[in-house]
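Undergrad: I'm passing along coords.txt; it holds compact mmCIF, C-alpha atoms and all ligand atoms.
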```txt
# COMPACT_ATOMS: atom_id res chain seq x y z
CA MET M 7 -46.30 -4.80 -84.14
CA ASP M 8 -45.05 -5.46 -80.65
CA ARG M 9 -41.98 -7.21 -79.46
CA ARG M 10 -43.76 -10.44 -78.60
CA GLN M 11 -44.83 -10.99 -82.19
CA LEU M 12 -41.31 -10.32 -83.37
CA LEU M 13 -39.91 -12.86 -81.00
CA SER M 14 -42.44 -15.45 -81.99
CA ASP M 15 -41.38 -14.92 -85.62
CA GLN M 16 -37.90 -15.86 -84.60
CA ASP M 17 -39.11 -18.93 -82.79
CA ASP M 18 -40.17 -20.43 -86.11
CA PHE M 19 -36.71 -21.91 -86.30
CA PRO M 20 -36.47 -25.57 -85.30
CA GLY M 21 -34.81 -26.51 -82.04
CA GLN M 22 -34.64 -24.92 -78.68
CA GLN M 23 -32.71 -21.98 -77.28
CA TYR M 24 -29.08 -22.87 -76.89
CA GLN M 25 -26.79 -22.26 -74.00
CA SER M 26 -25.04 -18.93 -74.00
CA ALA M 27 -21.31 -19.17 -74.46
CA SER M 28 -20.60 -16.16 -72.32
CA GLY M 29 -20.66 -17.97 -68.97
CA PRO M 30 -17.86 -18.11 -66.39
CA GLY M 31 -14.42 -18.80 -67.70
CA TYR M 32 -15.30 -17.58 -71.13
CA GLY M 33 -13.00 -14.81 -72.34
CA GLY M 34 -13.38 -11.78 -70.10
CA PRO M 35 -10.80 -10.30 -67.75
CA ASN M 36 -9.59 -13.74 -66.64
CA GLY M 37 -8.94 -14.76 -70.20
CA PRO M 38 -5.87 -16.74 -71.14
CA GLN M 39 -2.45 -15.15 -70.89
CA ASP M 40 1.05 -16.56 -70.86
CA GLY M 41 1.19 -16.21 -74.63
CA GLY M 42 -1.82 -18.46 -75.20
CA ALA M 43 -4.53 -17.28 -77.57
CA SER M 44 -8.14 -17.60 -76.39
CA ALA M 45 -9.09 -19.24 -79.65
CA PRO M 46 -7.50 -22.55 -80.55
CA PRO M 47 -5.56 -22.83 -83.84
CA SER M 48 -8.28 -23.43 -86.42
CA ASP M 49 -6.20 -25.78 -88.59
CA THR M 50 -6.27 -28.39 -85.83
CA MET M 51 -10.06 -28.25 -85.52
CA ASP M 52 -12.57 -30.80 -86.80
CA THR M 53 -14.43 -30.18 -90.02
CA VAL M 54 -18.04 -29.31 -89.28
CA PRO M 55 -20.42 -29.51 -92.27
CA GLY M 56 -21.72 -26.04 -93.06
CA TYR M 57 -18.88 -24.36 -91.12
CA GLU M 58 -15.89 -25.30 -93.29
CA GLY M 59 -14.56 -21.74 -93.62
CA THR M 60 -14.68 -20.95 -89.93
CA GLY M 61 -11.42 -19.43 -88.69
CA LEU M 62 -10.55 -16.87 -86.07
CA GLY M 63 -12.68 -13.72 -86.00
CA GLY M 64 -14.92 -14.59 -88.94
CA ASN M 65 -16.48 -12.23 -91.46
CA ASP M 66 -20.20 -11.54 -91.52
CA LEU M 67 -22.13 -14.34 -93.17
CA PRO M 68 -24.60 -13.55 -95.96
CA TYR M 69 -28.18 -13.85 -94.75
CA GLN M 70 -29.75 -17.23 -95.42
CA GLY M 71 -33.08 -17.61 -93.71
CA PRO M 72 -36.78 -17.10 -94.27
CA PRO M 73 -37.41 -14.60 -97.10
CA GLN M 74 -37.87 -10.98 -96.10
CA THR M 75 -40.84 -9.12 -97.53
CA PRO M 76 -42.29 -5.67 -96.91
CA GLY M 77 -45.31 -5.28 -94.66
CA PRO M 78 -48.57 -3.66 -95.81
CA ARG M 79 -48.32 -0.26 -97.47
CA MET M 80 -49.35 2.39 -94.98
CA PRO M 81 -51.57 5.27 -96.07
CA GLY M 82 -49.53 8.48 -96.04
CA PRO M 83 -50.09 11.22 -93.50
CA GLN M 84 -53.02 13.59 -93.93
CA ALA M 85 -52.33 17.00 -95.39
CA GLY M 86 -52.49 19.81 -92.88
CA ASP M 87 -51.59 23.44 -92.52
CA TRP M 88 -48.44 23.40 -90.48
CA GLN M 89 -47.15 26.84 -91.34
CA ILE M 90 -48.69 28.51 -88.34
CA PRO M 91 -46.73 30.31 -85.63
CA SER M 92 -46.15 27.74 -82.96
CA ILE M 93 -45.15 29.93 -80.03
CA SER M 94 -46.52 33.06 -78.37
CA GLU M 95 -44.50 36.24 -77.66
CA GLU M 96 -44.37 35.21 -74.04
CA VAL M 97 -42.77 31.85 -74.86
CA ALA M 98 -40.37 33.54 -77.30
CA ARG M 99 -39.25 35.96 -74.62
CA GLU M 100 -38.84 33.25 -72.00
CA ALA M 101 -36.72 31.14 -74.31
CA PHE M 102 -34.57 34.15 -75.16
CA LEU M 103 -34.12 35.04 -71.51
CA GLU M 104 -32.96 31.53 -70.73
CA TYR M 105 -30.58 31.66 -73.68
CA ALA M 106 -29.03 34.97 -72.58
CA GLY M 107 -28.66 33.61 -69.05
CA SER M 108 -26.83 30.52 -70.29
CA GLN M 109 -24.22 32.56 -72.18
CA CYS M 110 -21.22 33.86 -70.31
CA CYS M 111 -21.52 37.59 -69.70
CA TYR M 112 -24.58 38.23 -71.91
CA SER M 113 -26.76 40.96 -70.47
CA SER M 114 -30.47 40.20 -70.14
CA LYS M 115 -31.33 43.84 -70.71
CA PRO M 116 -32.18 43.55 -74.42
CA VAL M 117 -34.56 40.64 -73.67
CA LYS M 118 -36.41 42.63 -71.05
CA GLU M 119 -36.63 45.79 -73.11
CA MET M 120 -37.07 44.45 -76.64
CA VAL M 121 -40.17 45.13 -78.72
CA PHE M 122 -41.43 42.33 -80.96
CA SER M 123 -42.11 43.28 -84.54
CA ASP M 124 -42.81 39.85 -86.06
CA LEU M 125 -42.98 36.14 -85.25
CA GLN M 126 -42.63 34.20 -88.48
CA PRO M 127 -43.23 30.45 -88.73
CA HIS M 128 -40.53 28.63 -90.70
CA ASN M 129 -41.55 25.14 -89.66
CA THR M 130 -39.93 22.26 -91.44
CA TYR M 131 -39.99 18.45 -91.56
CA ARG M 132 -37.63 15.72 -90.60
CA TYR M 133 -37.82 12.31 -92.22
CA ARG M 134 -36.09 9.48 -90.40
CA LEU M 135 -35.68 5.86 -91.42
CA GLU M 136 -34.30 3.34 -88.98
CA THR M 137 -33.31 -0.12 -90.13
CA PHE M 138 -32.66 -2.60 -87.36
CA THR M 139 -30.36 -5.31 -88.67
CA GLU M 140 -28.81 -8.52 -87.46
CA SER M 141 -25.51 -9.90 -88.72
CA ARG M 142 -23.85 -13.16 -87.84
CA SER M 143 -20.35 -14.57 -87.96
CA THR M 144 -18.66 -17.69 -86.63
CA GLU M 145 -15.27 -18.45 -85.15
CA TRP M 146 -13.55 -21.22 -83.22
CA ALA M 147 -13.40 -20.76 -79.48
CA SER M 148 -12.43 -22.78 -76.43
CA GLU M 149 -12.79 -22.99 -72.68
CA PRO M 150 -11.17 -25.23 -70.04
CA TYR M 151 -12.60 -28.73 -70.18
CA THR M 152 -14.11 -29.62 -66.82
CA GLY M 153 -16.43 -32.40 -67.84
CA GLN M 154 -18.98 -30.48 -69.89
CA VAL M 155 -21.20 -32.36 -72.34
CA VAL M 156 -19.32 -32.93 -75.59
CA ASP M 157 -21.88 -32.83 -78.37
CA GLY M 158 -19.74 -32.89 -81.53
CA PHE M 159 -20.86 -36.31 -82.69
CA MET M 160 -24.33 -36.30 -81.21
CA GLY M 161 -26.07 -34.70 -84.16
CA VAL M 162 -25.80 -32.38 -87.14
CA ALA M 163 -24.85 -28.76 -86.47
CA PRO M 164 -27.66 -26.36 -87.45
CA GLY M 165 -26.78 -23.68 -89.99
CA PRO M 166 -25.67 -20.32 -88.57
CA TRP M 167 -28.99 -18.71 -89.51
CA GLU M 168 -31.03 -21.60 -88.11
CA ILE M 169 -30.01 -20.98 -84.53
CA PRO M 170 -32.63 -18.93 -82.68
CA VAL M 171 -31.11 -15.96 -80.89
CA SER M 172 -33.44 -13.23 -79.68
CA PHE M 173 -32.39 -9.59 -79.54
CA PRO M 174 -32.63 -7.65 -76.26
CA THR M 175 -34.24 -4.38 -77.47
CA LEU M 176 -35.59 -3.19 -80.81
CA PHE M 177 -33.60 -0.43 -82.56
CA GLN M 178 -30.72 -0.70 -80.12
CA LYS M 179 -27.20 -1.84 -80.79
CA SER M 180 -26.16 -5.03 -78.97
CA LYS M 181 -24.24 -8.26 -79.28
CA LYS M 182 -24.59 -11.87 -78.13
CA GLU M 183 -22.40 -14.93 -78.42
CA VAL M 184 -23.76 -18.48 -78.41
CA ARG M 185 -22.20 -21.90 -78.83
CA VAL M 186 -23.19 -23.68 -82.01
CA PRO M 187 -24.72 -27.04 -81.02
CA HIS M 188 -22.98 -30.23 -82.18
CA THR M 189 -19.60 -28.61 -82.82
CA SER M 190 -17.80 -29.25 -79.53
CA SER M 191 -14.94 -31.65 -78.96
CA VAL M 192 -12.15 -32.09 -76.41
CA LYS M 193 -8.59 -31.24 -77.49
CA GLY M 194 -5.27 -31.02 -75.74
CA CYS M 195 -4.44 -27.48 -74.64
CA HIS M 196 -2.34 -25.76 -77.30
CA THR M 197 -0.74 -23.37 -74.80
CA CYS M 198 0.77 -25.91 -72.37
CA MET M 199 1.05 -28.95 -74.66
CA SER M 200 -1.68 -30.61 -72.54
CA LEU M 201 0.48 -30.50 -69.41
CA GLY M 202 -1.83 -28.12 -67.54
CA LYS M 203 1.16 -26.07 -66.41
CA ILE M 204 3.79 -23.85 -67.91
CA PRO M 205 7.41 -23.43 -66.76
CA CYS M 206 8.12 -20.46 -64.48
CA LYS M 207 10.27 -18.01 -66.43
CA LYS M 208 11.57 -16.23 -63.37
CA CYS M 209 13.34 -19.21 -61.78
CA VAL M 210 13.69 -21.32 -64.95
CA THR M 211 11.71 -24.19 -63.30
CA SER M 212 14.13 -24.49 -60.36
CA GLY M 213 11.77 -22.88 -57.87
CA MET M 214 14.70 -20.90 -56.43
CA VAL M 215 16.12 -17.48 -57.25
CA GLN M 216 19.10 -15.43 -56.14
CA CYS M 217 18.71 -13.91 -52.65
CA TRP M 218 17.84 -10.25 -53.10
CA VAL M 219 19.56 -9.22 -49.84
CA CYS M 220 23.04 -10.62 -50.48
CA HIS M 221 22.73 -10.91 -54.26
CA GLY M 222 23.73 -14.53 -54.09
CA SER M 223 26.95 -14.17 -52.11
CA GLY M 224 25.52 -15.65 -48.91
CA ARG M 225 27.21 -12.89 -46.94
CA ASN M 226 26.04 -9.52 -45.69
CA ALA M 227 29.00 -7.25 -44.79
CA ASP M 228 31.22 -9.71 -42.88
CA ASP M 229 28.37 -11.86 -41.50
CA ARG M 230 26.38 -14.67 -42.94
CA CYS M 231 23.25 -13.39 -44.75
CA HIS M 232 20.29 -13.76 -42.39
CA SER M 233 17.77 -13.67 -45.14
CA CYS M 234 19.02 -16.84 -46.88
CA ASN M 235 21.01 -18.36 -44.05
CA GLY M 236 24.10 -18.08 -46.16
CA SER M 237 22.77 -20.16 -49.06
CA GLY M 238 22.58 -17.18 -51.42
CA ARG M 239 19.29 -18.49 -52.75
CA ALA M 240 15.63 -17.78 -51.95
CA ARG M 241 12.30 -19.27 -52.87
CA CYS M 242 10.83 -17.96 -56.16
CA THR M 243 7.80 -15.83 -55.33
CA ALA M 244 6.38 -15.98 -58.85
CA CYS M 245 5.66 -19.74 -58.62
CA SER M 246 5.85 -20.17 -54.81
CA GLY M 247 8.88 -22.40 -55.32
CA VAL M 248 7.06 -24.94 -57.48
CA GLY M 249 8.96 -24.11 -60.67
CA SER M 250 5.82 -23.92 -62.80
CA LYS M 251 2.47 -22.18 -62.94
CA ALA M 252 -0.98 -23.42 -63.81
CA CYS M 253 -1.81 -22.76 -67.48
CA LYS M 254 -4.38 -20.03 -67.70
CA THR M 255 -5.77 -21.14 -71.06
CA CYS M 256 -6.96 -24.49 -69.68
CA LYS M 257 -7.00 -23.42 -66.00
CA GLY M 258 -4.54 -26.23 -65.28
CA ARG M 259 -6.76 -28.92 -66.80
CA GLY M 260 -4.57 -29.69 -69.82
CA GLN M 261 -7.68 -30.10 -71.96
CA LEU M 262 -9.97 -27.69 -73.75
CA LEU M 263 -13.52 -27.88 -74.94
CA CYS M 264 -13.33 -26.49 -78.48
CA PHE M 265 -16.47 -25.35 -80.26
CA ILE M 266 -17.74 -22.97 -82.89
CA LYS M 267 -19.00 -19.70 -81.48
CA LEU M 268 -21.74 -17.78 -83.22
CA VAL M 269 -21.42 -14.01 -82.83
CA VAL M 270 -24.69 -12.14 -83.38
CA LYS M 271 -24.64 -8.36 -83.71
CA TRP M 272 -27.61 -6.01 -83.85
CA ASN M 273 -27.31 -2.55 -85.27
CA ASN M 274 -29.63 0.39 -85.75
CA ASN M 275 -28.90 2.16 -89.02
CA VAL M 276 -30.35 5.63 -89.39
CA PHE M 277 -31.10 7.69 -92.49
CA GLU M 278 -32.19 11.24 -91.79
CA LYS M 279 -33.25 14.19 -93.88
CA VAL M 280 -34.36 17.63 -92.75
CA VAL M 281 -35.95 19.85 -95.38
CA ASP M 282 -34.07 23.13 -95.61
CA LYS M 283 -36.64 25.90 -95.91
CA GLN M 284 -33.94 28.60 -96.12
CA SER M 285 -35.07 30.20 -92.88
CA GLY M 286 -31.50 31.18 -92.00
CA LEU M 287 -31.27 28.64 -89.17
CA PRO M 288 -28.32 26.25 -89.70
CA MET M 289 -29.89 22.87 -90.41
CA ASP M 290 -27.34 20.88 -88.46
CA LEU M 291 -28.79 22.32 -85.24
CA ILE M 292 -32.02 20.44 -85.85
CA SER M 293 -30.61 17.02 -84.98
CA ALA M 294 -30.42 18.05 -81.33
CA VAL M 295 -34.12 18.83 -80.94
CA THR M 296 -37.40 16.95 -80.88
CA GLY M 297 -40.27 17.54 -83.25
CA GLU M 298 -43.96 16.81 -83.30
CA MET M 299 -44.67 13.33 -84.68
CA LEU M 300 -46.88 13.56 -87.76
CA PHE M 301 -46.42 10.05 -89.08
CA SER M 302 -44.92 6.80 -87.84
CA ASP M 303 -44.80 3.47 -89.64
CA MET M 304 -43.10 0.36 -88.25
CA GLN M 305 -42.92 -2.90 -90.23
CA PRO M 306 -40.54 -5.81 -90.81
CA MET M 307 -39.85 -3.81 -93.99
CA VAL M 308 -41.47 -0.54 -95.01
CA TYR M 309 -42.55 0.97 -98.31
CA PRO M 310 -41.39 4.54 -98.80
CA VAL M 311 -44.04 6.93 -97.48
CA THR M 312 -45.96 8.61 -100.29
CA GLY M 313 -48.46 11.43 -100.62
CA PHE M 314 -46.89 13.80 -98.12
CA PRO M 315 -47.59 17.44 -99.03
CA ASP M 316 -43.89 18.32 -99.02
CA HIS M 317 -42.38 16.61 -102.02
CA ALA M 318 -38.85 16.71 -100.57
CA ILE M 319 -40.01 14.30 -97.84
CA SER M 320 -41.36 11.74 -100.31
CA GLN M 321 -38.10 11.99 -102.24
CA ALA M 322 -36.06 11.48 -99.07
CA ALA M 323 -38.18 8.45 -98.12
CA GLU M 324 -37.72 6.95 -101.58
CA ARG M 325 -33.97 7.43 -101.39
CA GLY M 326 -33.61 6.25 -97.78
CA VAL M 327 -35.56 3.03 -98.29
CA ARG M 328 -33.68 2.28 -101.51
CA GLU M 329 -30.28 2.93 -99.93
CA HIS M 330 -30.99 0.80 -96.88
CA GLN M 331 -32.34 -2.05 -99.03
CA ALA M 332 -29.20 -2.02 -101.15
CA GLN M 333 -26.94 -1.86 -98.12
CA TYR M 334 -28.53 -4.36 -95.79
CA PHE M 335 -30.86 -6.66 -97.68
CA SER M 336 -28.38 -9.42 -98.49
CA SER M 337 -25.48 -8.66 -96.17
CA CYS M 338 -27.57 -8.99 -93.02
CA ARG M 339 -31.05 -9.73 -91.86
CA ILE M 340 -33.45 -6.80 -91.67
CA LEU M 341 -35.50 -7.37 -88.53
CA GLN M 342 -37.53 -4.21 -88.41
CA GLN M 343 -37.82 -0.81 -90.05
CA ARG M 344 -39.39 2.36 -88.76
CA GLN M 345 -39.97 5.56 -90.68
CA THR M 346 -41.21 8.76 -89.12
CA ILE M 347 -42.02 12.30 -90.19
CA GLU M 348 -41.72 15.01 -87.61
CA LEU M 349 -42.78 18.61 -87.77
CA ILE M 350 -39.95 20.75 -86.43
CA HIS M 351 -41.18 24.07 -85.10
CA ILE M 352 -38.99 26.99 -86.10
CA THR M 353 -39.97 30.56 -85.36
CA ARG M 354 -37.98 33.51 -86.65
CA VAL M 355 -38.41 36.35 -84.18
CA HIS M 356 -37.85 39.95 -85.28
CA TYR M 357 -37.45 42.52 -82.55
CA SER M 358 -36.03 45.94 -81.95
CA TRP M 359 -33.89 47.23 -79.10
CA LYS M 360 -32.34 50.69 -78.85
CA GLU M 361 -33.74 51.57 -82.28
CA LYS M 362 -32.02 48.70 -84.01
CA THR M 363 -33.69 45.56 -85.34
CA HIS M 364 -32.42 42.05 -84.67
CA ILE M 365 -33.38 38.45 -85.32
CA TYR M 366 -33.31 35.22 -83.37
CA PHE M 367 -34.71 31.74 -83.84
CA VAL M 368 -36.66 29.55 -81.45
CA TYR M 369 -36.71 25.92 -82.60
CA GLY M 370 -37.76 22.45 -81.52
CA ALA M 371 -40.00 21.27 -78.70
CA GLU M 372 -37.17 22.25 -76.33
CA HIS M 373 -37.46 25.94 -77.45
CA LYS M 374 -33.77 26.22 -78.18
CA VAL M 375 -32.53 29.62 -79.33
CA TYR M 376 -30.08 30.53 -82.07
CA THR M 377 -28.92 34.04 -82.90
CA GLU M 378 -25.96 35.60 -84.62
CA ASP M 379 -26.31 39.19 -83.44
CA TYR M 380 -27.16 39.36 -79.78
CA PRO M 381 -26.96 43.10 -79.06
CA ALA M 382 -25.30 42.99 -75.60
CA LYS M 383 -22.72 40.23 -75.51
CA CYS M 384 -20.88 41.83 -72.61
CA CYS M 385 -22.61 43.11 -69.45
CA CYS M 386 -20.33 46.18 -69.44
CA CYS M 387 -21.78 47.45 -72.74
CA THR M 388 -25.20 48.08 -71.23
CA LEU M 389 -23.75 50.16 -68.43
CA LEU M 390 -22.71 52.83 -70.91
ZN ZN M 401 21.09 -13.90 -48.88
ZN ZN M 402 9.48 -19.68 -60.23
ZN ZN M 403 -3.11 -25.38 -70.96
```
Render the structure in this file as structure tokens.
TA:
Amino acid sequence: MDRRQLLSDQDDFPGQQYQSASGPGYGGPNGPQDGGASAPPSDTMDTVPGYEGTGLGGNDLPYQGPPQTPGPRMPGPQAGDWQIPSISEEVAREAFLEYAGSQCCYSSKPVKEMVFSDLQPHNTYRYRLETFTESRSTEWASEPYTGQVVDGFMGVAPGPWEIPVSFPTLFQKSKKEVRVPHTSSVKGCHTCMSLGKIPCKKCVTSGMVQCWVCHGSGRNADDRCHSCNGSGRARCTACSGVGSKACKTCKGRGQLLCFIKLVVKWNNNVFEKVVDKQSGLPMDLISAVTGEMLFSDMQPMVYPVTGFPDHAISQAAERGVREHQAQYFSSCRILQQRQTIELIHITRVHYSWKEKTHIYFVYGAEHKVYTEDYPAKCCCCTLL
């Protein structure tokens, strides 16, 4: 399913796209200061049907929207023989050479002189389930009132899950904030008591401060202070002598447009399982490499993949789908799930150098190397 179809699913909601609340003057670096909170006190707000519990920084709302059902059951991947060596001796040597070169002080001599005795395939599988979810919460918010449309009494506010908000990219974390229609009203600014200005603390509203040159005496040595002409006082620089400053919460307007803000968050939740075939390669290294895609299934909701030759994969799929259902089904909206099975190439290479045998691993499409017993970890050793 492509993105267009997904978006059109979302457009089934009534109404049009609403204005984003993240425009100029909304929060951000120029947000309110001077002790004012960006959000107005919620106990002075109107009661909006369907939003009675809205406070400051709301909790996630339980999902209430169209029912979510799994898509069609996909046929499982075809059985195949994947236990074949996936790299040649040449590739194994190249990867090893690169590895030795990337380590501080490792000599490349063993790589150039080694004799291969065996290349064993220890390929394994990675099952991955991604669940792309959407959660929503509401809170009161405000911005300076400069004559915007006030829609609080112009209609009924749609429920939080009825407001269409489209996500930017599938399977990627993001966040959007939108204004809930029909919740806005104009209130006096709570920071400045609707005055639009706040008293200057530095000069205590007088607009004048003590002269910094003469410290208020009016005299400098035996002469009159030139800086203040002997008055001992100077203009307050904090307020330019006005005695007050414009309120930053309302940008000097004295009034705020208060509304309910809907916060929509998208998250990609990942469940992953790599089958440990006891090859000796630490399994946590696998997460850094890419595999060969054997199976991929993307649906609004998936059924656990079945019929895969390796039983551990079917078990992991069963567990992953069940866990994600339990975790996300009612607490948020599941928008899309994707499950994949990858074949991870692992080759255990046995070689001998200076009549001793050693082992290293080449794994993943990137041909990464892992070894515990590199025979010449210091260049000096090979000079002997
Ligand atoms: Zn002075
Ligand atoms: Zn001042
Ligand atoms: Zn104000």
Undergrad: Between M:Leu262, M:Ala318, M:Val375, M:Cys206, which is the closest to Ser191 of chain M once you count all atoms listed in the file?
TA: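 Counting all atoms listed in the file, the residue closest to Ser191 of chain M is M:Leu262.
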Undergrad: For segment 308-316 of chain M, list every protein, DNA or RNA residue within 10 Å, evaluated using only C-alpha atoms, and leave out those in the same chain fewer than 4 positions away; present the list as a ChimeraX atom specification.
TA: /M:75-87,130-131,133,135,137,281,301-304,320-328,342-347
Undergrad: Quick one: residues within 12 Å of ligand ZN 401 (chain M), with all atoms listed in the file, as number ranges by chain?
TA: M: 215-227, 229-241
Undergrad: Which chain M residues have any atom within 8 Å of an atom of ligand ZN 403 (chain M), and for each, what is the nearest pair of atoms with distance in Å to one decimal, counting only C-alpha atoms and all ligand atoms, rows sorted by chain and number, as CSV?
TA:
```
residue,atom,partner,partner_atom,distance
M:Gly194,CA,M:ZN403,ZN,7.7
M:Cys195,CA,M:ZN403,ZN,4.4
M:His196,CA,M:ZN403,ZN,6.4
M:Thr197,CA,M:ZN403,ZN,4.9
M:Cys198,CA,M:ZN403,ZN,4.2
M:Met199,CA,M:ZN403,ZN,6.6
M:Ser200,CA,M:ZN403,ZN,5.6
M:Leu201,CA,M:ZN403,ZN,6.4
M:Gly202,CA,M:ZN403,ZN,4.6
M:Lys203,CA,M:ZN403,ZN,6.3
M:Ile204,CA,M:ZN403,ZN,7.7
M:Ala252,CA,M:ZN403,ZN,7.7
M:Cys253,CA,M:ZN403,ZN,4.5
M:Lys254,CA,M:ZN403,ZN,6.4
M:Thr255,CA,M:ZN403,ZN,5.0
M:Cys256,CA,M:ZN403,ZN,4.2
M:Lys257,CA,M:ZN403,ZN,6.6
M:Gly258,CA,M:ZN403,ZN,5.9
M:Arg259,CA,M:ZN403,ZN,6.6
M:Gly260,CA,M:ZN403,ZN,4.7
M:Gln261,CA,M:ZN403,ZN,6.6
M:Leu262,CA,M:ZN403,ZN,7.8
```
Undergrad: Find the residues near ligand ZN 402 (chain M). Use a cut-off of 8 Å, count only C-alpha atoms and all ligand atoms, and write them as number ranges by chain.
TA: M: 205-215, 241-251
Undergrad: For a quick check of understanding, using all atoms listed in the file, which of M:Phe335, M:Trp359, M:Trp167, M:Tyr151 has the smallest distance to Thr139 of chain M?
TA: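 Of M:Phe335, M:Trp359, M:Trp167, M:Tyr151, the one nearest Thr139 of chain M is M:Phe335, counting all atoms listed in the file.
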Undergrad: Could you please give me, as a PyMOL selection string, the residues of protein, DNA or RNA lying at most 7 Å from (-39.4, -8.4, -88.2) in the coordinate frame of the file, considering all atoms listed in the file?
TA: chain M and resi 12+305-306+341-342
Undergrad: So how many Å separate atom CA of Gln126 of chain M and atom CA of Ile352 of chain M, to one decimal?
TA: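 Straight-line distance from atom CA of Gln126 of chain M to atom CA of Ile352 of chain M works out to 8.4 Å.
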Undergrad: Rounded to one decimal place, report the atom CA of Arg99 of chain M-atom CA of Lys362 of chain M distance in Å.
TA: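 Result for atom CA of Arg99 of chain M versus atom CA of Lys362 of chain M: 17.4 Å, one decimal.
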Undergrad: I need the residue nearest Val162 of chain M from this list: M:Tyr57, M:Phe122, M:Tyr112, M:Tyr105. Use all atoms listed in the file for the distance.
TA: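 Among the listed residues, the smallest separation from Val162 of chain M belongs to M:Tyr57.
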Undergrad: Please, which residues are within 7 Å of (-41.3, 19.7, -77.4) by the file's coordinates, counting all atoms listed in the file, and could they come as a ChimeraX atom specification?
TA: /M:296-297,370-372
Undergrad: Those selected residues, please, written with C-alpha atoms and delivered as a compact mmCIF listing (two decimals), keeping the file's coordinate frame.
TA:
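Okay, this is what ended up in selection.txt:
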```
# COMPACT_ATOMS: atom_id res chain seq x y z
CA THR M 296 -37.40 16.95 -80.88
CA GLY M 297 -40.27 17.54 -83.25
CA GLY M 370 -37.76 22.45 -81.52
CA ALA M 371 -40.00 21.27 -78.70
CA GLU M 372 -37.17 22.25 -76.33
```
Undergrad: Would you pick out the contacts of Arg354 of chain M at 10 Å or less, using only C-alpha atoms, so that residues sharing its chain but fewer than 5 positions from it are not included, and give the list as number ranges by chain?
TA: M: 91, 98, 124-129, 285-287, 365-369, 375-377
Undergrad: Write the residues of the preceding selection, restricted to C-alpha atoms, as a tab-separated table (two decimals), in the coordinates of the input.
TA:
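As written to disk, part_14.tsv reads:
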```tsv
chain	number	residue	atom	x	y	z
M	91	PRO	CA	-46.73	30.31	-85.63
M	98	ALA	CA	-40.37	33.54	-77.30
M	124	ASP	CA	-42.81	39.85	-86.06
M	125	LEU	CA	-42.98	36.14	-85.25
M	126	GLN	CA	-42.63	34.20	-88.48
M	127	PRO	CA	-43.23	30.45	-88.73
M	128	HIS	CA	-40.53	28.63	-90.70
M	129	ASN	CA	-41.55	25.14	-89.66
M	285	SER	CA	-35.07	30.20	-92.88
M	286	GLY	CA	-31.50	31.18	-92.00
M	287	LEU	CA	-31.27	28.64	-89.17
M	365	ILE	CA	-33.38	38.45	-85.32
M	366	TYR	CA	-33.31	35.22	-83.37
M	367	PHE	CA	-34.71	31.74	-83.84
M	368	VAL	CA	-36.66	29.55	-81.45
M	369	TYR	CA	-36.71	25.92	-82.60
M	375	VAL	CA	-32.53	29.62	-79.33
M	376	TYR	CA	-30.08	30.53	-82.07
M	377	THR	CA	-28.92	34.04	-82.90
```
Undergrad: Find the residue from M:Ala382, M:Cys338, M:Met307, M:Ala332 that sits nearest to Glu140 of chain M; use only C-alpha atoms when measuring.
TA: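 When distances to Glu140 of chain M are compared using only C-alpha atoms, the smallest one comes from M:Cys338.
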Undergrad: Quick one: pull the distance between atom CA of Pro68 of chain M and atom CA of Lys267 of chain M, Å, one decimal.
TA: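 Calculated distance between atom CA of Pro68 of chain M and atom CA of Lys267 of chain M is 16.7 Å.
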